[in-house]
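Take a look at the structure set out below.
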Amino acid sequence: MTEKVLKKGNEVIALGAIHCGCDGYFGYPITPQSEIMETLMEEKPWETTGMVVLQAESEIASINMVHGGACCGKKVMTSSSSPGMSLMCEGLSYLAGSELPCVLVNVVRGGPGLGTIQPSQGDYFQAVKGGGHGDYRVIVLAPFSAQEMYDFVWLGFDLAFKYRTPVLILTDGMIGQMMEKVELRPQKPRLSDQEVAELYGSWATTGKPTTRQENIITSLALEARVHEALNQKLQAKYRVIEESEVRFETLQCEDADYILVAYGSMARICESAVELARSQGIKLGLLRPITLFPFPVKEIERMIPQLKGIMSVELSTGQMVEDIRLAVSGKVPVTFYGRLGGVIPTPQEVLDAFKTNYMK
Amino acid sequence: MKEEIIIAGFGGQGVLSMGKILAYSGIMQDQEVTWMPSYGPEMRGGTANVTVVISDKRISSPIVNAYDTAIILNQQSLNKFEPMVKPGGLLIYDPNGITRHPVRKDITIYSIEAVEEAAKLGNAKAYNMIVLGAFLKLKQIVKMENVIKGLKKSIPERHHHLIPMNEQAIEVGMGAAKEIHQV
Amino acid sequence: MDIKDIIKPENIVYQKTKVLTNKVMHYCPGCSHGTVHKLIAEVIDEMDIQDKTIGITPVGCAVFGYNYMHIDWQQAAHGRAPALATATKRLYPDKYVFTYQGDGDLASIGTAEIMHACNRGENIVVIFINNAIYGMTGGQMAPTTLIGMVTSTTPYGRQVDLNGYPLKITELIAQLEGTCYVTRQSVQTAVAARKTKKAIRKAFENSNQKKGTSFIEVVSSCNSGWKVSPVQANEWMEENMFPVYPLGDIKDR
């Protein structure tokens, strides 16, 4: 039996974690995502599933607690918002370099610096290009509803363990603070060490039994060729992810002359803008990337012949638009419309911007 | 059916919880809903508002161009949201503390003396339910039985003994809405 | 009688613990790390907890600690080992979790993590190697570098007005309610090493009794970084380090 509730996106991140059998959450308060840890503390999962929930002394400690928990092969996660995410990027690089699974949530606010607590998509580059030092990527999921916030915690852990890589849920204050109807799934039990080993291999630091060699989890490789091989292995994994894990949604694209490309909160606004445009006879469609890494490059390439123009709509000064331009490779005009500071454009404003760019 | 509503007033007037009860009532009758608040420090004693959308179909944008209904509980919110009501739409406001009253002629306007009615009930906390009652009287988009179900879902169980009081306040509000201007 | 007749179990008076690997250590001759590694391995062996022990190495000379013991290891970012240990121990309350950290890792960049892990009373063991210098990066000033001590970043000696004072972090740690056992030891003599081993054993025993954090500082020598011979390093340590970092238990409850 599924249960339907009215909850904030942030709240169902917490419920999703508990229900999918997460073993540990480690976090530090920051607006606009504090409801995640607050909900976990309220729910007291340690009394039911045995999940550990701990308020750390900083975002740095949080991500490194995730590092420790992930080394143990446990389903562990943290959440933060932009300034905190910056602090976590060192740890994220270690997690990626050590090939460790985990789920992170960035409920993005405006930057740079302390910025604003209002919604933003200004952390796109940080999320999809790595964020920390070195050649690595993380799988980036961009939910556009409270339901997806819930579902992507489940999906995130599945992908994280399948590929032994961090998965980042990139969302913002709008999706985090908004309440919607969410269908909750039945509780899934936490996995035992043995079950983890059977499903994903026995690589974790569970304590060395006499039956196997010691497991050493490190990202260090001082020997040049060893380090090169380690990086090639990571890159090969990313190529597989690019082949297999692209997720997107299209709306009214079949006959579209033009498309908007938008993710997360902006995709919601753009959906209405497309409806508005269609009511005026404009053949506008919407491509909503659900995975930002891997980016739906092939889908954009596929649509190029039918398109007269693309407009990227973001709560930033133009970040995803660069990936669209790379995919389009100059074959179709690509323009951009973005707002900042927590100013969320109305569907009408998006349509007006589109008309300014293409209908003059 | 799709109803786009803004509820706006001071923090502490119960704006957000009124919106939550309304949204939950929608879920109880199997509709799609979104509840999109303003958030942040402005909530602490300043203005608070929430956009609630209730629809039979999937809701695209939770942020809308214009509203079917505006429920307005202070002057700043009236100034800000009166122009954003769709022509032919509905504006409900509490005249308490309002010095510049609504002026539009292309929308229906009702007042609800909720501060006064709450005082009569001897329960200041009933304020937002009285306002909700006025709305439910004028826009019958959710059934009363579903509002009660929504209340039960929105209020923590330890406060469920207060539900009859809330129900009474809604009924008071239904009887107290006063027509100012009808289109 | 040939050698085969001599090598018999009944004739063995000493052998390397099976918890230590056969890898040749990368540490400089005279370094204290190898001795402390051996003592930890012996304690793990004697307590028969090899299958229940998880170690966390720092960034610094001991980063490669994971090459020398047959146990599961995690390698942390600089200073963050206590955070990894916190999660590991909370997820595995019945296992033995220890961090192994140097003075730069624990007392400089990782000050926040060690303070808060100890303050929460995480049931872990912390082994803190204090040799008053950054060994791995080539002999720079550490938070525990003595006043007047020459390093590559204090070529004229550490000056109070410029660099502040040697950080007595172990005394600070002892003030925290979360710690149950805080001690300062050394390994430059057989007697000192035996005392340190006893302390390590006690710390590991504490960690499954829900008593809080056990913290062992080992005042150590770094003859390469100090640019003296191993023997001179030990003498210099006794003469100069011990007055600032006096040995003995600071807290035991």
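A note on labels: chains of the structure tokens are A, B, ... as shown, every chain counts residues from 1, and ligands are counted from 1 in their shown order.
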Please build the interface table for chain A against chain C with a cut-off of 9 Å, listing for each qualifying residue the nearest atom pair and the distance in Å to one decimal; count only C-alpha atoms, order rows by chain and increasing number, and write it as a tab-separated table.
```
residue	atom	partner	partner_atom	distance
A:Asp23	CA	C:Leu91	CA	7.5
A:Gly24	CA	C:Leu91	CA	7.5
A:Phe26	CA	C:Ala87	CA	8.3
A:Met51	CA	C:Leu91	CA	8.4
A:Val52	CA	C:Leu91	CA	7.0
A:Leu54	CA	C:Ala87	CA	8.8
A:Ala56	CA	C:His116	CA	8.4
A:Glu57	CA	C:His116	CA	6.7
A:Ser58	CA	C:Ala112	CA	8.6
A:Ile60	CA	C:Arg80	CA	8.1
A:Ala61	CA	C:Ala83	CA	5.5
A:Ser62	CA	C:Ala83	CA	7.4
A:Ile63	CA	C:Ala83	CA	8.4
A:Asn64	CA	C:Ala83	CA	5.5
A:Met65	CA	C:Leu84	CA	4.6
A:Val66	CA	C:Ala87	CA	7.0
A:His67	CA	C:Leu84	CA	6.0
A:Gly68	CA	C:Leu84	CA	3.8
A:Gly69	CA	C:Ala87	CA	5.3
A:Ala70	CA	C:Thr88	CA	8.7
A:Cys71	CA	C:Gln74	CA	6.7
A:Cys72	CA	C:Thr88	CA	6.8
A:Lys74	CA	C:Leu91	CA	8.1
A:Glu90	CA	C:Ala77	CA	8.0
A:Gly91	CA	C:Ala77	CA	7.0
A:Tyr94	CA	C:Ala77	CA	7.1
A:Ser98	CA	C:Gln75	CA	8.9
A:Ala204	CA	C:Asp72	CA	8.2
A:Thr205	CA	C:Asp72	CA	5.2
A:Thr206	CA	C:Asp72	CA	7.1
A:Gly207	CA	C:Lys52	CA	4.7
A:Lys208	CA	C:Asp51	CA	4.5
A:Pro209	CA	C:Asp51	CA	4.9
A:Thr210	CA	C:Asp51	CA	7.3
A:Gln213	CA	C:His70	CA	7.5
A:Glu214	CA	C:Asp72	CA	4.9
A:Asn215	CA	C:Asp72	CA	4.8
A:Ile216	CA	C:Trp73	CA	4.7
A:Ile217	CA	C:Gln74	CA	4.9
A:Thr218	CA	C:Gln75	CA	5.0
A:Ser219	CA	C:Gln75	CA	7.6
A:Leu220	CA	C:Gln75	CA	8.3
```
Taking the DSSP secondary structure from the backbone, can you list the residues of range 54-128 of chain A that are strand (DSSP E), as number ranges by chain? A: 54-55, 76-80, 102-110, 116-119
Since we have the selection now, will you write its residues out, keeping C-alpha atoms, as a PDB file, in the first residue's frame?
```pdb
ATOM      1  CA  LEU A  54      24.031  12.697  13.407  1.00  0.00           C
ATOM      2  CA  GLN A  55      24.432  16.471  13.403  1.00  0.00           C
ATOM      3  CA  VAL A  76      25.053   7.004   3.722  1.00  0.00           C
ATOM      4  CA  MET A  77      24.121  10.516   2.744  1.00  0.00           C
ATOM      5  CA  THR A  78      24.354  14.179   3.586  1.00  0.00           C
ATOM      6  CA  SER A  79      22.606  17.325   2.469  1.00  0.00           C
ATOM      7  CA  SER A  80      23.521  20.981   2.348  1.00  0.00           C
ATOM      8  CA  CYS A 102      26.867   7.902  -1.421  1.00  0.00           C
ATOM      9  CA  VAL A 103      24.017  10.344  -1.977  1.00  0.00           C
ATOM     10  CA  LEU A 104      24.384  14.087  -1.536  1.00  0.00           C
ATOM     11  CA  VAL A 105      21.651  16.674  -1.738  1.00  0.00           C
ATOM     12  CA  ASN A 106      22.364  20.300  -2.633  1.00  0.00           C
ATOM     13  CA  VAL A 107      19.327  22.515  -2.096  1.00  0.00           C
ATOM     14  CA  VAL A 108      20.895  25.349  -4.047  1.00  0.00           C
ATOM     15  CA  ARG A 109      20.696  28.990  -2.941  1.00  0.00           C
ATOM     16  CA  GLY A 110      22.066  32.069  -4.618  1.00  0.00           C
ATOM     17  CA  THR A 116      20.937  34.706  -0.673  1.00  0.00           C
ATOM     18  CA  ILE A 117      18.808  31.925   0.747  1.00  0.00           C
ATOM     19  CA  GLN A 118      16.419  32.181  -2.187  1.00  0.00           C
ATOM     20  CA  PRO A 119      16.294  29.529  -4.932  1.00  0.00           C
TER      21      PRO A 119
END
```
Residues of chain A within 7 Å of chain B, using only C-alpha atoms, as a list in words?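 So the contacting residues turn out to be Leu6, Ile117, Met178, Met179, Glu180, Lys181, Arg268, Ile269, Glu271, Ser272, Thr346, Pro347 and Gln348 of chain A.
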Got time to write the residues from that selection, N, CA and C atoms, as a PDB file, in the first residue's frame?
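New file result_22.pdb:
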```pdb
ATOM      1  N   LEU A   6       0.917  15.190   1.930  1.00  0.00           N
ATOM      2  CA  LEU A   6       1.281  16.530   1.474  1.00  0.00           C
ATOM      3  C   LEU A   6       2.534  16.921   2.237  1.00  0.00           C
ATOM      4  N   ILE A 117      19.383  33.245   0.458  1.00  0.00           N
ATOM      5  CA  ILE A 117      18.808  31.925   0.747  1.00  0.00           C
ATOM      6  C   ILE A 117      17.727  31.555  -0.246  1.00  0.00           C
ATOM      7  N   MET A 178       8.581  23.682  -1.338  1.00  0.00           N
ATOM      8  CA  MET A 178       7.212  23.534  -1.850  1.00  0.00           C
ATOM      9  C   MET A 178       6.598  22.231  -1.344  1.00  0.00           C
ATOM     10  N   MET A 179       5.298  22.294  -0.995  1.00  0.00           N
ATOM     11  CA  MET A 179       4.600  21.059  -0.620  1.00  0.00           C
ATOM     12  C   MET A 179       3.787  20.568  -1.803  1.00  0.00           C
ATOM     13  N   GLU A 180       3.822  19.254  -1.993  1.00  0.00           N
ATOM     14  CA  GLU A 180       3.011  18.620  -3.028  1.00  0.00           C
ATOM     15  C   GLU A 180       2.576  17.256  -2.529  1.00  0.00           C
ATOM     16  N   LYS A 181       1.702  16.662  -3.305  1.00  0.00           N
ATOM     17  CA  LYS A 181       1.271  15.301  -2.995  1.00  0.00           C
ATOM     18  C   LYS A 181       2.407  14.337  -3.317  1.00  0.00           C
ATOM     19  N   ARG A 268       9.392  23.433 -14.292  1.00  0.00           N
ATOM     20  CA  ARG A 268       7.983  23.593 -13.923  1.00  0.00           C
ATOM     21  C   ARG A 268       7.415  24.870 -14.547  1.00  0.00           C
ATOM     22  N   ILE A 269       8.181  25.950 -14.429  1.00  0.00           N
ATOM     23  CA  ILE A 269       7.745  27.236 -14.976  1.00  0.00           C
ATOM     24  C   ILE A 269       7.639  27.126 -16.502  1.00  0.00           C
ATOM     25  N   GLU A 271       7.147  24.515 -18.300  1.00  0.00           N
ATOM     26  CA  GLU A 271       6.024  23.681 -18.728  1.00  0.00           C
ATOM     27  C   GLU A 271       4.795  24.563 -18.958  1.00  0.00           C
ATOM     28  N   SER A 272       4.561  25.472 -18.022  1.00  0.00           N
ATOM     29  CA  SER A 272       3.426  26.397 -18.180  1.00  0.00           C
ATOM     30  C   SER A 272       3.646  27.357 -19.337  1.00  0.00           C
ATOM     31  N   THR A 346       7.795  34.288 -14.000  1.00  0.00           N
ATOM     32  CA  THR A 346       6.497  33.658 -14.236  1.00  0.00           C
ATOM     33  C   THR A 346       6.532  33.043 -15.633  1.00  0.00           C
ATOM     34  N   PRO A 347       5.617  32.122 -15.908  1.00  0.00           N
ATOM     35  CA  PRO A 347       5.554  31.531 -17.253  1.00  0.00           C
ATOM     36  C   PRO A 347       5.444  32.614 -18.332  1.00  0.00           C
ATOM     37  N   GLN A 348       4.676  33.665 -18.060  1.00  0.00           N
ATOM     38  CA  GLN A 348       4.530  34.762 -19.026  1.00  0.00           C
ATOM     39  C   GLN A 348       5.868  35.430 -19.316  1.00  0.00           C
TER      40      GLN A 348
END
```
Within 7 Å of Ile129 in chain C using only C-alpha atoms, minus same-chain residues under 4 positions, as a list in words: Gln101, Gly102, Asp103, Glu217, Val218, Val219 and Ser220 of chain C
Could you write those residues out with N, CA and C atoms, as a PDB file, in the first residue's frame?
```pdb
ATOM      1  N   GLN C 101      47.089   9.564  13.498  1.00  0.00           N
ATOM      2  CA  GLN C 101      47.259  10.908  12.941  1.00  0.00           C
ATOM      3  C   GLN C 101      48.533  11.579  13.443  1.00  0.00           C
ATOM      4  N   GLY C 102      49.109  12.397  12.587  1.00  0.00           N
ATOM      5  CA  GLY C 102      50.282  13.171  12.971  1.00  0.00           C
ATOM      6  C   GLY C 102      49.890  14.527  13.528  1.00  0.00           C
ATOM      7  N   ASP C 103      50.894  15.326  13.874  1.00  0.00           N
ATOM      8  CA  ASP C 103      50.592  16.596  14.542  1.00  0.00           C
ATOM      9  C   ASP C 103      49.984  17.631  13.594  1.00  0.00           C
ATOM     10  N   GLU C 217      48.789  10.281  22.884  1.00  0.00           N
ATOM     11  CA  GLU C 217      49.842  11.011  22.174  1.00  0.00           C
ATOM     12  C   GLU C 217      51.138  10.240  22.351  1.00  0.00           C
ATOM     13  N   VAL C 218      51.861  10.069  21.248  1.00  0.00           N
ATOM     14  CA  VAL C 218      53.195   9.484  21.348  1.00  0.00           C
ATOM     15  C   VAL C 218      54.186  10.568  20.913  1.00  0.00           C
ATOM     16  N   VAL C 219      54.941  11.078  21.893  1.00  0.00           N
ATOM     17  CA  VAL C 219      55.976  12.060  21.551  1.00  0.00           C
ATOM     18  C   VAL C 219      57.047  11.303  20.781  1.00  0.00           C
ATOM     19  N   SER C 220      57.303  11.760  19.551  1.00  0.00           N
ATOM     20  CA  SER C 220      58.098  10.971  18.619  1.00  0.00           C
ATOM     21  C   SER C 220      59.252  11.773  18.060  1.00  0.00           C
TER      22      SER C 220
END
```
Leaving out Cys61 in chain C and any residue of its chain fewer than 4 positions from it, which residues lie within 9 Å of it when counting only C-alpha atoms, given as an mmCIF file with N, CA and C atoms, in the first residue's frame?
```
data_model
loop_
_atom_site.group_PDB
_atom_site.id
_atom_site.type_symbol
_atom_site.label_atom_id
_atom_site.label_comp_id
_atom_site.auth_asym_id
_atom_site.auth_seq_id
_atom_site.Cartn_x
_atom_site.Cartn_y
_atom_site.Cartn_z
ATOM 1 N N HIS C 26 58.280 2.388 4.576
ATOM 2 C CA HIS C 26 58.883 3.510 3.865
ATOM 3 C C HIS C 26 59.448 4.544 4.836
ATOM 4 N N TYR C 27 59.248 4.318 6.140
ATOM 5 C CA TYR C 27 59.687 5.312 7.118
ATOM 6 C C TYR C 27 61.207 5.366 7.181
ATOM 7 N N HIS C 33 57.401 5.959 13.876
ATOM 8 C CA HIS C 33 56.168 5.383 13.313
ATOM 9 C C HIS C 33 56.179 3.856 13.319
ATOM 10 N N GLY C 65 50.282 3.941 6.216
ATOM 11 C CA GLY C 65 50.103 2.995 7.319
ATOM 12 C C GLY C 65 49.329 1.771 6.873
ATOM 13 N N GLY C 102 49.109 12.397 12.587
ATOM 14 C CA GLY C 102 50.282 13.171 12.971
ATOM 15 C C GLY C 102 49.890 14.527 13.528
ATOM 16 N N TYR C 134 56.378 18.770 10.154
ATOM 17 C CA TYR C 134 55.733 18.111 9.017
ATOM 18 C C TYR C 134 56.788 17.273 8.310
ATOM 19 N N GLY C 135 56.691 15.953 8.439
ATOM 20 C CA GLY C 135 57.690 15.076 7.844
ATOM 21 C C GLY C 135 57.490 14.902 6.356
ATOM 22 N N MET C 136 56.275 14.532 5.964
ATOM 23 C CA MET C 136 55.977 14.160 4.582
ATOM 24 C C MET C 136 56.293 15.275 3.599
ATOM 25 N N THR C 137 55.957 16.505 3.959
ATOM 26 C CA THR C 137 56.119 17.625 3.020
ATOM 27 C C THR C 137 57.512 18.233 3.090
#
```
Could you please write out, as a list in words, every residue of range 186-230 of chain A that DSSP assigns to helix (DSSP H, G or I)? Asp193, Gln194, Glu195, Val196, Ala197, Glu198, Leu199, Tyr200, Ala224, Arg225, Val226, His227, Glu228, Ala229 and Leu230 of chain A
What lies within 12 Å of Asn130 in chain C using only C-alpha atoms, ignoring chain neighbours under 2 positions off, as number ranges by chain? C: 31-33, 36, 60-62, 100-108, 127-128, 132-135, 142-146, 166-170, 184-187, 216-222, 237, 241-242, 244-245
Store the residues picked out above in a file with N, CA and C atoms, as a CSV table (one decimal), in the first residue's frame.
```csv
chain,number,residue,atom,x,y,z
C,31,CYS,N,62.9,6.5,12.7
C,31,CYS,CA,61.5,7.1,12.9
C,31,CYS,C,60.7,6.3,13.9
C,32,SER,N,59.8,7.0,14.6
C,32,SER,CA,59.0,6.3,15.7
C,32,SER,C,57.8,5.6,15.1
C,33,HIS,N,57.4,6.0,13.9
C,33,HIS,CA,56.2,5.4,13.3
C,33,HIS,C,56.2,3.9,13.3
C,36,VAL,N,55.5,2.3,16.7
C,36,VAL,CA,54.1,2.4,17.1
C,36,VAL,C,53.2,1.5,16.3
C,60,GLY,N,50.0,12.6,5.6
C,60,GLY,CA,51.2,12.8,6.3
C,60,GLY,C,52.1,11.6,6.1
C,61,CYS,N,53.2,11.4,6.8
C,61,CYS,CA,54.0,10.2,6.6
C,61,CYS,C,53.2,9.0,6.8
C,62,ALA,N,52.3,8.9,7.7
C,62,ALA,CA,51.6,7.7,8.0
C,62,ALA,C,50.4,7.4,7.1
C,100,TYR,N,44.9,7.1,13.2
C,100,TYR,CA,46.3,7.3,13.4
C,100,TYR,C,46.7,8.6,12.7
C,101,GLN,N,47.1,9.6,13.5
C,101,GLN,CA,47.3,10.9,12.9
C,101,GLN,C,48.5,11.6,13.4
C,102,GLY,N,49.1,12.4,12.6
C,102,GLY,CA,50.3,13.2,13.0
C,102,GLY,C,49.9,14.5,13.5
C,103,ASP,N,50.9,15.3,13.9
C,103,ASP,CA,50.6,16.6,14.5
C,103,ASP,C,50.0,17.6,13.6
C,104,GLY,N,50.4,17.6,12.3
C,104,GLY,CA,49.8,18.6,11.4
C,104,GLY,C,48.4,18.2,11.1
C,105,ASP,N,48.2,16.9,10.9
C,105,ASP,CA,46.8,16.4,10.6
C,105,ASP,C,45.9,16.6,11.7
C,106,LEU,N,46.3,16.2,13.0
C,106,LEU,CA,45.4,16.3,14.1
C,106,LEU,C,45.3,17.6,14.8
C,107,ALA,N,46.4,18.3,14.9
C,107,ALA,CA,46.5,19.5,15.7
C,107,ALA,C,46.4,20.8,14.9
C,108,SER,N,46.5,20.7,13.6
C,108,SER,CA,46.4,21.9,12.8
C,108,SER,C,45.1,21.9,11.9
C,127,ILE,N,45.4,7.6,18.0
C,127,ILE,CA,46.8,7.5,18.1
C,127,ILE,C,47.4,8.8,17.5
C,128,PHE,N,48.0,9.6,18.3
C,128,PHE,CA,48.5,10.9,17.9
C,128,PHE,C,50.0,10.9,17.9
C,132,ALA,N,56.6,17.2,16.2
C,132,ALA,CA,56.8,18.6,16.1
C,132,ALA,C,57.3,19.1,14.8
C,133,ILE,N,56.9,18.4,13.7
C,133,ILE,CA,57.3,18.8,12.4
C,133,ILE,C,56.5,18.2,11.3
C,134,TYR,N,56.4,18.8,10.2
C,134,TYR,CA,55.7,18.1,9.0
C,134,TYR,C,56.8,17.3,8.3
C,135,GLY,N,56.7,16.0,8.4
C,135,GLY,CA,57.7,15.1,7.8
C,135,GLY,C,57.5,14.9,6.4
C,142,ALA,N,55.2,22.7,12.4
C,142,ALA,CA,53.9,22.1,12.9
C,142,ALA,C,53.3,22.9,14.0
C,143,PRO,N,52.1,22.7,14.3
C,143,PRO,CA,51.5,23.4,15.5
C,143,PRO,C,52.2,23.1,16.8
C,144,THR,N,52.9,21.9,16.8
C,144,THR,CA,53.6,21.5,18.0
C,144,THR,C,55.1,21.8,18.0
C,145,THR,N,55.5,22.5,16.9
C,145,THR,CA,57.0,22.8,16.9
C,145,THR,C,57.3,23.7,18.1
C,146,LEU,N,58.5,23.4,18.7
C,146,LEU,CA,58.9,24.1,19.9
C,146,LEU,C,59.4,25.5,19.5
C,166,PRO,N,53.6,26.5,20.9
C,166,PRO,CA,53.4,25.1,20.7
C,166,PRO,C,52.0,24.7,21.2
C,167,LEU,N,51.3,24.0,20.4
C,167,LEU,CA,49.9,23.7,20.8
C,167,LEU,C,49.8,22.4,21.7
C,168,LYS,N,49.5,22.5,22.9
C,168,LYS,CA,49.4,21.4,23.8
C,168,LYS,C,48.0,20.8,23.7
C,169,ILE,N,47.7,20.2,22.5
C,169,ILE,CA,46.4,19.8,22.2
C,169,ILE,C,45.9,18.6,23.1
C,170,THR,N,46.8,17.8,23.6
C,170,THR,CA,46.5,16.7,24.4
C,170,THR,C,45.9,17.2,25.7
C,184,ARG,N,50.1,10.6,27.5
C,184,ARG,CA,51.2,11.0,26.6
C,184,ARG,C,52.3,10.0,26.9
C,185,GLN,N,52.8,9.3,25.8
C,185,GLN,CA,53.8,8.3,25.9
C,185,GLN,C,54.9,8.6,24.9
C,186,SER,N,55.9,7.7,24.9
C,186,SER,CA,57.0,7.7,23.9
C,186,SER,C,57.5,6.3,23.6
C,187,VAL,N,58.3,6.2,22.6
C,187,VAL,CA,58.8,4.8,22.2
C,187,VAL,C,60.3,4.8,22.0
C,216,ILE,N,45.8,8.8,22.7
C,216,ILE,CA,47.2,8.5,23.1
C,216,ILE,C,48.1,9.3,22.2
C,217,GLU,N,48.8,10.3,22.9
C,217,GLU,CA,49.8,11.0,22.2
C,217,GLU,C,51.1,10.2,22.4
C,218,VAL,N,51.9,10.1,21.2
C,218,VAL,CA,53.2,9.5,21.3
C,218,VAL,C,54.2,10.6,20.9
C,219,VAL,N,54.9,11.1,21.9
C,219,VAL,CA,56.0,12.1,21.6
C,219,VAL,C,57.0,11.3,20.8
C,220,SER,N,57.3,11.8,19.6
C,220,SER,CA,58.1,11.0,18.6
C,220,SER,C,59.3,11.8,18.1
C,221,SER,N,60.2,11.0,17.5
C,221,SER,CA,61.3,11.7,16.8
C,221,SER,C,61.2,11.7,15.3
C,222,CYS,N,61.8,12.7,14.7
C,222,CYS,CA,61.8,12.7,13.2
C,222,CYS,C,63.2,13.2,12.9
C,237,MET,N,65.0,14.9,21.8
C,237,MET,CA,63.6,14.7,22.2
C,237,MET,C,63.4,14.7,23.7
C,241,MET,N,61.8,18.1,24.1
C,241,MET,CA,60.3,17.8,23.9
C,241,MET,C,59.6,17.5,25.2
C,242,PHE,N,60.3,16.6,26.0
C,242,PHE,CA,59.6,16.1,27.2
C,242,PHE,C,59.3,17.2,28.2
C,244,VAL,N,58.3,20.2,27.5
C,244,VAL,CA,57.1,20.9,27.0
C,244,VAL,C,55.9,19.9,27.0
C,245,TYR,N,56.2,18.7,26.6
C,245,TYR,CA,55.2,17.7,26.5
C,245,TYR,C,55.4,16.5,27.5
```
Between A:Met266, A:Lys355, A:Glu42, A:Ser86, single out the one closest to Gln280 in chain A, counting only C-alpha atoms.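 Smallest distance to Gln280 in chain A is found for A:Lys355.
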